[in-house]
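Engineer: Attaching a single structure in structure tokens format; questions to follow.
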Amino acid sequence: MKRILCLLLCLLLLPLAVQTSEGAENDVTVRVLLSTGDADTVTVRLSGKYAVGSKTVTGGTVTAKLENGTITVSHSTAGVLKTTDTVTRLRRVGTDAGTKLTFDNAKHGTRVYYGDFVFYNDGGTLRVINYVDLKNYLYGAVSGEMSDSSKPDLLKVETICAKCFVLTEIEARKSKYFDVYDTTRSQLYYGYVATDTNTIAAVDAVWTQTLLYNGSVVKTYYSTADGGQIITPRIRWGGTANDGAYWFGYDPFDLAGSSKNVILTVDGASPKSMNADLYAFLLAKTGAKEIVSVDSLTGVYDPDNPSGTARYPSTLAPQKRYDWKLTVKKSDGTKKQVSFSCTPDEVKTAAAPSATGSVCFAVRTLEKEWKLVWGVSSGHRAGLSHRGAGQMVKQGYSYVDVLKFYFRGATLYDANGKAIESHANFAFTYEDGASPQPSPGTTPAPTPTPTPKPPPDKPEQDGIVTAKTLDLYEKPSTGAKVRKTLSLGAIVGTYAYSGDWTYVFDDDGTTGYVRAESVSYYERRPVPRWEGVCNADDSNLRSGPSTNFSKYWPLNKGDRVFVYYQSGNWYFVMDRATGQGAFIYKSYITKGAAAPSFTRGDANGSGGVGVTDASLVMRFLVNLSPLEGGALLAADYTQNGTVNAEDAAAILRRAAGME
């Protein structure tokens with residue numbers, strides 16, 4: 001009867017998971033088949049009180065042995081507790097955290113488990129199933145799939161994926177005697193790992209959130225790495241269940257996560273900028289003296305069906321053929337458009353011999369730019385990539401953003417049924433942001449030849465270089481002459497020239513064009529706007545607004561900062577504990593009250609600026625005197641967002657009438 005009630009409860013909870021309270025969700029029982037190596041005898045160490053039928057025992061060990069079709073369960077001091085030819089349950093009686101089971105798992109070593117153990121005769125093989133509540137199951141599943149040293153948002157991603165996956169497995173296997181394996185046949189499950197404190201905190205934070213598609217829980221497939229191209233479960237296994245929750249497309253995050261991936265860029269407008277061996281290959285294929293432009297490049301998965309199908313799109317990797325169209329200059333100086341086809345292996349032999357990845361494909365990233373990719377994958381490639389998710393979090397995306405990227409059609413809900421939205425925009429290929437096409441049967445208007453905008457006379461605002469190195473071009477093209485190379489952290493004047501290019505004014509007088517994504521907004525004399533509170537432990541402060549910049553130190557949950565301005569997805573803040581200015585990813589900061597008022601230089605609040613203020617600043621810098629609220633902001637006399645010795649010196653000059 002209890003078994004039937006449990007199944008009915010699971011069925012009721014699944015479609016309504018988004019609307020349940022934390023207590024209701026934890027009524028869900030997960031039945032995990034533990035790895036025993038098919039042993040006919042297993043021993044479990046008890047901590048606390050447990051029962052088998054009407055017999056209760058405390059501590060010691062329980063041994064289950066299957067012999068001649070009969071399971072005998074006995075205790076180290078109480079003797080035989082029960083014999084059965086089918087199934088019996090070792091039931092948890094104690095309710096404190098110390099009531100737990102220790103078991104030598106054949107796959108995972110010695111592990112600790114909460115919940116109950118069920119011993120089951122499966123046609124002459126002894127099975128051990130851990131009956132555990134959902135939350136404790138998630139502790140073990142996230143510990144199995146992720147390192148506890150992973151970033152908090154990555155652990156949160158794994159929590160929600162593990163939860164949604166197991167809920168759908170409970171529904172699918174309700175007529176079976178277990179729901180999931182404790183191995184990668186389902187998802188790794190390590191029981192309860194008390195030392196995985198980061199994992200436990202992440203599960204506690206988000207375990208009541210659920211990913212839904214059309215009102216149903218999404219079966220959240222994930223793998224180690226997709227090799228640069230996400231595929232759907234339909235592509236991988238067939239069937240259309242939850243198909244709309246997934247998407248098929250380019251995954252630059254996965255590619256960025258490994259140095260083993262090989263990528264060749266084809267700039268259609270500036271062919272000579274491409275890999276020299278690839279350029280030579282194209283010359284040999286066309287018999288030309290010079291490649292003037294690459295006009296189109298298309299990869300084909302199935303040469304016999306180049307249009308593709310719903311299950312096997314034409315651009316699916318690994319592709320079998322590349323179709324090229326180029327404008328070339330012949331030896332006599334005449335120009336001609338030529339077309340030819342080749343295999344990815346031909347290109348690899350000529351230009352990418354070091355490539356080991358089997359996920360090879362061509363993708364158009366800009367109107368006149370393509371990438372030839374040889375990606376290294378691991379696993380089935382469907383749904384979320386662990387490598388890609390890790391790279392997204394490293395770049396500052398939140399767990400909500402990661403789930404949106406990999407499960408585009410699904411929506412994340414909290415326990416009260418409220419949607420949790422991501423505001424990140426993802427457009428990494430030309431097709432992602434392609435212009436609308438004319439309606440069928442109409443003739444499109446001719447596209448006018450654009451007239452290049454003239455370079456501006458002065459900057460609109462300041463910017464900071466966020467790439468490790470950034471080429472400054474004479475014209476807005478990667479094929480143009482490079483005037484100089486800017487370094488990470490360089491401060492420049494900027495003018496938004498186009499969506500892809502920014503015109504910059506370097507302090508030494510050099511001007512030119514740089515890729516827009518590598519320059520972020522920067523204030524040279526920032527003004528404090530509001531107070532913020534850190535909402536997660538180990539949230540790194542950095543010297544600039546990207547993960548390319550060095551770390552200072554982490555903030556922890558509850559630490560307070562003054563927020564000055566936003567640069568992309570980063571805030572520039574002053575750490576209230578140290579007076580240091582730094583950048584932090586904005587999702588780690590919760591907005592509070594407006595910044596307090598202050599008079600620049602008046603660190604002691606006397607109404608004037610004098611020697612005492614300078615002394616107070618110096619004492620603060622050596623941890624002898626605190627500075628709070630407006631006094632801390634007033635101590636930043638130079639208004640650069642950081643309190644340091646320069647502020648004390650400037651206050652002294654002010655007191656002496658020197659400024």
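Residue names in the structure tokens use chain letters A, B, ... in the order shown, residue numbers from 1 in each chain, and ligand numbers from 1 in the order shown.
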Skipping near chain neighbours, those fewer than 3 positions away, what residues fall within 10 Å of Lys348 (chain A) using only C-alpha atoms, listed as a list in words?
Structural biologist: Val262, Leu278, Thr343, Pro344, Asp345, Ala351, Ala352, Pro353, Ser354, Ala355, Thr356, Cys360, Leu372, Val373 and Trp374 of chain A
Engineer: Which polymer residues have any atom within 6 Å of an atom of region 488-491 of chain A, counting only C-alpha atoms, with same-chain residues fewer than 4 positions away left out, as a short mmCIF file (atom, residue, chain, number, x, y, z; two decimals) with C-alpha atoms, in the first residue's frame?
Structural biologist:
```cif
data_model
loop_
_atom_site.label_atom_id
_atom_site.label_comp_id
_atom_site.auth_asym_id
_atom_site.auth_seq_id
_atom_site.Cartn_x
_atom_site.Cartn_y
_atom_site.Cartn_z
CA GLY A 463 36.62 52.08 -22.68
CA ILE A 464 38.88 49.37 -21.26
CA VAL A 465 40.44 46.60 -23.35
CA THR A 466 39.16 43.22 -22.10
CA ALA A 467 41.10 40.95 -24.48
CA LYS A 468 44.62 39.77 -23.66
CA THR A 469 45.83 41.52 -26.84
#
```
Engineer: Give me the residues near Arg111 (chain A) as a list of chain:residue names, where near means some atom within 9 Å (using only C-alpha atoms) and where sequence neighbours in that chain fewer than 3 positions away do not count.
Structural biologist: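 Neighbouring residues, sequence-local ones excluded: A:Leu101, A:Thr102, A:Phe103, A:Asp104, A:Asn105, A:His108, A:Tyr190, A:Gly191, A:Tyr192, A:Val193.
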Engineer: Please produce an output containing C-alpha atoms for each residue in the selection, written as a PDB file, in the first residue's frame.
Structural biologist:
```
ATOM      1  CA  LEU A 101      24.264   4.036   6.464  1.00  0.00           C
ATOM      2  CA  THR A 102      27.811   3.289   5.333  1.00  0.00           C
ATOM      3  CA  PHE A 103      28.231   0.891   2.433  1.00  0.00           C
ATOM      4  CA  ASP A 104      31.213  -0.328   0.391  1.00  0.00           C
ATOM      5  CA  ASN A 105      29.975   0.483  -3.099  1.00  0.00           C
ATOM      6  CA  HIS A 108      32.425   4.238  -5.904  1.00  0.00           C
ATOM      7  CA  TYR A 190      27.822   9.277  -4.480  1.00  0.00           C
ATOM      8  CA  GLY A 191      25.450   9.327  -1.496  1.00  0.00           C
ATOM      9  CA  TYR A 192      26.047  12.031   1.088  1.00  0.00           C
ATOM     10  CA  VAL A 193      29.507  13.647   1.068  1.00  0.00           C
TER      11      VAL A 193
END
```
Engineer: May I have all residues of region 100-291 of chain A that DSSP, computed from the backbone, assigns to helix (DSSP H, G or I), given as number ranges by chain?
Structural biologist: A: 134-145, 152-172, 197-206, 233-237, 243-245, 252-256, 271-273, 276-286
Engineer: How would the residues just chosen look if you wrote them out with C-alpha atoms as a tab-separated table (two decimals), in the first residue's frame?
Structural biologist:
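Output file selection-v1.tsv follows:
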```tsv
chain	number	residue	atom	x	y	z
A	134	LEU	CA	14.85	14.12	-3.49
A	135	LYS	CA	17.04	16.69	-1.77
A	136	ASN	CA	19.46	14.13	-0.35
A	137	TYR	CA	19.54	12.40	-3.73
A	138	LEU	CA	20.59	15.69	-5.34
A	139	TYR	CA	23.44	16.10	-2.85
A	140	GLY	CA	24.79	12.75	-4.01
A	141	ALA	CA	24.14	13.26	-7.72
A	142	VAL	CA	25.84	16.66	-7.88
A	143	SER	CA	28.77	15.33	-5.83
A	144	GLY	CA	29.06	12.51	-8.35
A	145	GLU	CA	28.90	14.66	-11.47
A	152	PRO	CA	28.68	27.97	-7.38
A	153	ASP	CA	26.70	28.69	-10.55
A	154	LEU	CA	28.02	25.56	-12.23
A	155	LEU	CA	26.94	23.48	-9.22
A	156	LYS	CA	23.50	25.12	-9.46
A	157	VAL	CA	23.24	24.19	-13.14
A	158	GLU	CA	24.03	20.59	-12.26
A	159	THR	CA	21.51	20.59	-9.41
A	160	ILE	CA	18.62	21.56	-11.68
A	161	CYS	CA	19.70	19.20	-14.47
A	162	ALA	CA	20.05	16.30	-12.01
A	163	LYS	CA	16.67	17.06	-10.48
A	164	CYS	CA	14.75	17.29	-13.75
A	165	PHE	CA	16.43	14.18	-15.13
A	166	VAL	CA	15.57	12.05	-12.10
A	167	LEU	CA	11.97	13.30	-11.95
A	168	THR	CA	11.39	12.18	-15.52
A	169	GLU	CA	13.04	8.83	-14.79
A	170	ILE	CA	10.72	8.30	-11.80
A	171	GLU	CA	7.76	8.85	-14.12
A	172	ALA	CA	9.12	6.61	-16.87
A	197	THR	CA	30.06	21.98	1.48
A	198	ASN	CA	29.92	24.01	-1.75
A	199	THR	CA	27.79	21.34	-3.39
A	200	ILE	CA	25.43	21.21	-0.42
A	201	ALA	CA	25.06	25.01	-0.45
A	202	ALA	CA	24.30	25.04	-4.19
A	203	VAL	CA	21.66	22.32	-3.85
A	204	ASP	CA	20.09	24.13	-0.90
A	205	ALA	CA	19.90	27.34	-2.96
A	206	VAL	CA	18.12	26.06	-6.09
A	233	PRO	CA	17.84	14.12	-28.20
A	234	ARG	CA	15.82	13.61	-31.38
A	235	ILE	CA	18.99	13.75	-33.49
A	236	ARG	CA	20.80	11.43	-31.10
A	237	TRP	CA	18.17	8.81	-30.34
A	243	ASP	CA	12.08	18.23	-28.57
A	244	GLY	CA	11.03	21.88	-28.39
A	245	ALA	CA	12.99	22.38	-25.17
A	252	PRO	CA	31.49	28.46	-28.90
A	253	PHE	CA	31.61	27.97	-25.13
A	254	ASP	CA	32.38	24.27	-25.47
A	255	LEU	CA	35.09	25.07	-28.02
A	256	ALA	CA	36.64	27.69	-25.73
A	271	PRO	CA	41.14	35.85	-47.73
A	272	LYS	CA	44.85	36.44	-47.22
A	273	SER	CA	44.25	36.78	-43.48
A	276	ALA	CA	48.43	30.24	-44.96
A	277	ASP	CA	48.13	26.50	-45.63
A	278	LEU	CA	44.37	26.82	-46.16
A	279	TYR	CA	44.94	29.72	-48.55
A	280	ALA	CA	47.46	27.64	-50.51
A	281	PHE	CA	44.98	24.74	-50.59
A	282	LEU	CA	42.30	26.99	-52.11
A	283	LEU	CA	44.74	28.35	-54.69
A	284	ALA	CA	45.65	24.81	-55.72
A	285	LYS	CA	41.99	23.78	-55.95
A	286	THR	CA	41.04	26.73	-58.16
```
Engineer: Which residue gives the smallest distance to Tyr250 (chain A) among A:Ala635, A:Cys342, A:Leu81, A:Ala427, with only C-alpha atoms counted?
Structural biologist: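 Nearest to Tyr250 (chain A): A:Ala427.
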Engineer: Let's see if you can do this: from backbone DSSP, list all strand (DSSP E) residues in region 218-320 of chain A, as a PyMOL selection string.
Structural biologist: chain A and resi 222-223+225-226+229-230+249-250+262-267+290-300
Engineer: If we count only C-alpha atoms and set the cut-off at 7 Å, which residues sit around Ser567 (chain A), ignoring sequence neighbours fewer than 2 positions away in its own chain? Please answer as a PDB file with N, CA, C and O atoms, in the first residue's frame.
Structural biologist:
```pdb
ATOM      1  N   SER A 520      35.120  47.358 -23.241  1.00  0.00           N
ATOM      2  CA  SER A 520      33.957  47.598 -22.384  1.00  0.00           C
ATOM      3  C   SER A 520      33.996  49.020 -21.832  1.00  0.00           C
ATOM      4  O   SER A 520      35.047  49.669 -21.784  1.00  0.00           O
ATOM      5  N   TYR A 521      32.834  49.481 -21.385  1.00  0.00           N
ATOM      6  CA  TYR A 521      32.694  50.834 -20.834  1.00  0.00           C
ATOM      7  C   TYR A 521      33.571  51.009 -19.593  1.00  0.00           C
ATOM      8  O   TYR A 521      33.735  50.092 -18.792  1.00  0.00           O
ATOM      9  N   TYR A 522      34.118  52.226 -19.437  1.00  0.00           N
ATOM     10  CA  TYR A 522      35.013  52.515 -18.317  1.00  0.00           C
ATOM     11  C   TYR A 522      34.832  53.979 -17.911  1.00  0.00           C
ATOM     12  O   TYR A 522      34.680  54.857 -18.770  1.00  0.00           O
ATOM     13  N   PRO A 545      36.867  44.192 -16.198  1.00  0.00           N
ATOM     14  CA  PRO A 545      35.550  43.587 -16.415  1.00  0.00           C
ATOM     15  C   PRO A 545      35.543  42.392 -17.357  1.00  0.00           C
ATOM     16  O   PRO A 545      34.797  42.356 -18.339  1.00  0.00           O
ATOM     17  N   TYR A 565      29.469  51.895 -11.276  1.00  0.00           N
ATOM     18  CA  TYR A 565      28.882  51.852 -12.614  1.00  0.00           C
ATOM     19  C   TYR A 565      28.931  50.433 -13.143  1.00  0.00           C
ATOM     20  O   TYR A 565      29.561  49.550 -12.557  1.00  0.00           O
ATOM     21  N   ASN A 569      28.529  43.124 -18.331  1.00  0.00           N
ATOM     22  CA  ASN A 569      27.884  42.341 -17.273  1.00  0.00           C
ATOM     23  C   ASN A 569      28.620  42.442 -15.946  1.00  0.00           C
ATOM     24  O   ASN A 569      28.437  41.592 -15.066  1.00  0.00           O
ATOM     25  N   TRP A 570      29.440  43.473 -15.797  1.00  0.00           N
ATOM     26  CA  TRP A 570      30.257  43.628 -14.598  1.00  0.00           C
ATOM     27  C   TRP A 570      29.962  44.966 -13.925  1.00  0.00           C
ATOM     28  O   TRP A 570      29.635  45.952 -14.576  1.00  0.00           O
ATOM     29  N   TYR A 571      30.094  44.980 -12.591  1.00  0.00           N
ATOM     30  CA  TYR A 571      30.015  46.217 -11.819  1.00  0.00           C
ATOM     31  C   TYR A 571      31.425  46.627 -11.392  1.00  0.00           C
ATOM     32  O   TYR A 571      32.246  45.770 -11.031  1.00  0.00           O
TER      33      TYR A 571
END
```
Engineer: Would you mind listing what lies within 10 Å of Arg483 (chain A) as a ChimeraX atom specification, with only C-alpha atoms counted and same-chain residues fewer than 6 positions away left out?
Structural biologist: /A:471-475,510-513
Engineer: For the residues in the current selection, export N, CA and C atoms as a CSV table (one decimal), in the first residue's frame.
Structural biologist:
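Output file part_28.csv follows:
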```csv
chain,number,residue,atom,x,y,z
A,471,ASP,N,44.3,43.9,-31.6
A,471,ASP,CA,44.8,44.6,-32.8
A,471,ASP,C,44.0,45.8,-33.1
A,472,LEU,N,44.6,47.0,-33.4
A,472,LEU,CA,44.0,48.2,-33.8
A,472,LEU,C,44.3,48.4,-35.3
A,473,TYR,N,43.2,48.3,-36.1
A,473,TYR,CA,43.3,48.3,-37.5
A,473,TYR,C,43.1,49.7,-38.1
A,474,GLU,N,43.7,49.8,-39.3
A,474,GLU,CA,43.6,51.1,-40.1
A,474,GLU,C,42.2,51.2,-40.6
A,475,LYS,N,41.5,50.1,-40.9
A,475,LYS,CA,40.2,50.1,-41.4
A,475,LYS,C,39.4,49.0,-40.7
A,510,THR,N,47.3,57.5,-31.3
A,510,THR,CA,46.9,56.5,-32.4
A,510,THR,C,45.4,56.3,-32.4
A,511,THR,N,44.8,56.3,-33.6
A,511,THR,CA,43.4,56.0,-33.7
A,511,THR,C,43.2,54.8,-34.7
A,512,GLY,N,42.1,54.2,-34.6
A,512,GLY,CA,41.8,53.1,-35.5
A,512,GLY,C,40.6,52.3,-35.1
A,513,TYR,N,40.4,51.1,-35.7
A,513,TYR,CA,39.3,50.2,-35.4
A,513,TYR,C,39.7,49.0,-34.7
```
Engineer: Kindly give the distance, in Å, that separates CA of Gln229 (chain A) and CA of Gly249 (chain A), rounded to a single decimal.
Structural biologist: 5.5 Å
Engineer: Fewer than 6 positions away in the same chain doesn't count, so skip those; otherwise give me all residues within 9 Å of region 596-603 of chain A, counting only C-alpha atoms, as a tab-separated table (two decimals) with N, CA and C atoms, in the first residue's frame.
Structural biologist:
```tsv
chain	number	residue	atom	x	y	z
A	528	PRO	N	30.08	57.05	-6.84
A	528	PRO	CA	29.31	55.97	-6.19
A	528	PRO	C	27.81	56.22	-6.34
A	529	ARG	N	27.08	55.16	-6.70
A	529	ARG	CA	25.65	55.31	-6.97
A	529	ARG	C	24.77	54.61	-5.93
A	530	TRP	N	25.15	53.39	-5.52
A	530	TRP	CA	24.33	52.69	-4.54
A	530	TRP	C	25.16	51.65	-3.80
A	531	GLU	N	24.59	51.16	-2.71
A	531	GLU	CA	25.20	50.09	-1.92
A	531	GLU	C	24.74	48.74	-2.42
A	609	VAL	N	38.22	69.96	5.30
A	609	VAL	CA	39.23	69.02	4.83
A	609	VAL	C	40.57	69.46	5.39
A	610	GLY	N	41.20	68.60	6.21
A	610	GLY	CA	42.44	69.01	6.84
A	610	GLY	C	43.37	67.85	7.10
A	612	THR	N	43.89	66.15	9.76
A	612	THR	CA	43.28	65.03	10.49
A	612	THR	C	42.65	64.02	9.54
A	613	ASP	N	42.05	64.51	8.46
A	613	ASP	CA	41.45	63.61	7.48
A	613	ASP	C	42.53	62.76	6.80
A	614	ALA	N	43.64	63.37	6.45
A	614	ALA	CA	44.74	62.62	5.84
A	614	ALA	C	45.26	61.55	6.79
A	616	LEU	N	43.58	60.07	9.16
A	616	LEU	CA	42.57	59.03	9.28
A	616	LEU	C	42.64	58.06	8.09
A	617	VAL	N	42.88	58.59	6.90
A	617	VAL	CA	43.01	57.75	5.71
A	617	VAL	C	44.20	56.81	5.86
A	627	LEU	N	36.71	53.05	8.46
A	627	LEU	CA	36.00	54.11	7.73
A	627	LEU	C	34.70	53.49	7.23
A	629	GLY	N	30.58	53.98	5.56
A	629	GLY	CA	29.59	54.79	4.86
A	629	GLY	C	30.19	55.95	4.09
A	630	GLY	N	29.62	57.14	4.31
A	630	GLY	CA	30.07	58.33	3.60
A	630	GLY	C	31.50	58.71	3.90
A	631	ALA	N	32.00	58.34	5.10
A	631	ALA	CA	33.39	58.66	5.45
A	631	ALA	C	34.35	57.92	4.52
A	632	LEU	N	34.03	56.67	4.19
A	632	LEU	CA	34.88	55.90	3.28
A	632	LEU	C	34.86	56.52	1.89
A	633	LEU	N	33.70	56.90	1.42
A	633	LEU	CA	33.60	57.53	0.10
A	633	LEU	C	34.32	58.88	0.09
A	634	ALA	N	34.23	59.63	1.19
A	634	ALA	CA	34.91	60.92	1.27
A	634	ALA	C	36.42	60.76	1.24
A	635	ALA	N	36.92	59.63	1.76
A	635	ALA	CA	38.37	59.40	1.78
A	635	ALA	C	38.95	59.23	0.39
A	636	ASP	N	38.12	58.90	-0.58
A	636	ASP	CA	38.59	58.75	-1.97
A	636	ASP	C	38.66	60.15	-2.61
A	637	TYR	N	39.65	60.91	-2.21
A	637	TYR	CA	39.76	62.30	-2.66
A	637	TYR	C	40.00	62.39	-4.17
A	638	THR	N	40.77	61.45	-4.72
A	638	THR	CA	41.10	61.50	-6.15
A	638	THR	C	39.95	60.98	-7.02
A	639	GLN	N	38.91	60.44	-6.41
A	639	GLN	CA	37.72	59.95	-7.11
A	639	GLN	C	38.06	58.96	-8.24
A	647	ASP	N	45.32	59.48	-1.96
A	647	ASP	CA	44.24	60.29	-1.41
A	647	ASP	C	44.72	61.06	-0.18
A	648	ALA	N	45.48	60.39	0.68
A	648	ALA	CA	46.02	61.09	1.86
A	648	ALA	C	46.93	62.23	1.44
A	650	ALA	N	46.85	63.92	-1.38
A	650	ALA	CA	46.05	64.98	-1.99
A	650	ALA	C	45.33	65.81	-0.92
A	651	ILE	N	44.85	65.12	0.13
A	651	ILE	CA	44.20	65.85	1.23
A	651	ILE	C	45.20	66.76	1.93
A	654	ARG	N	45.71	69.77	-0.12
A	654	ARG	CA	44.55	70.65	0.02
A	654	ARG	C	44.64	71.43	1.33
```
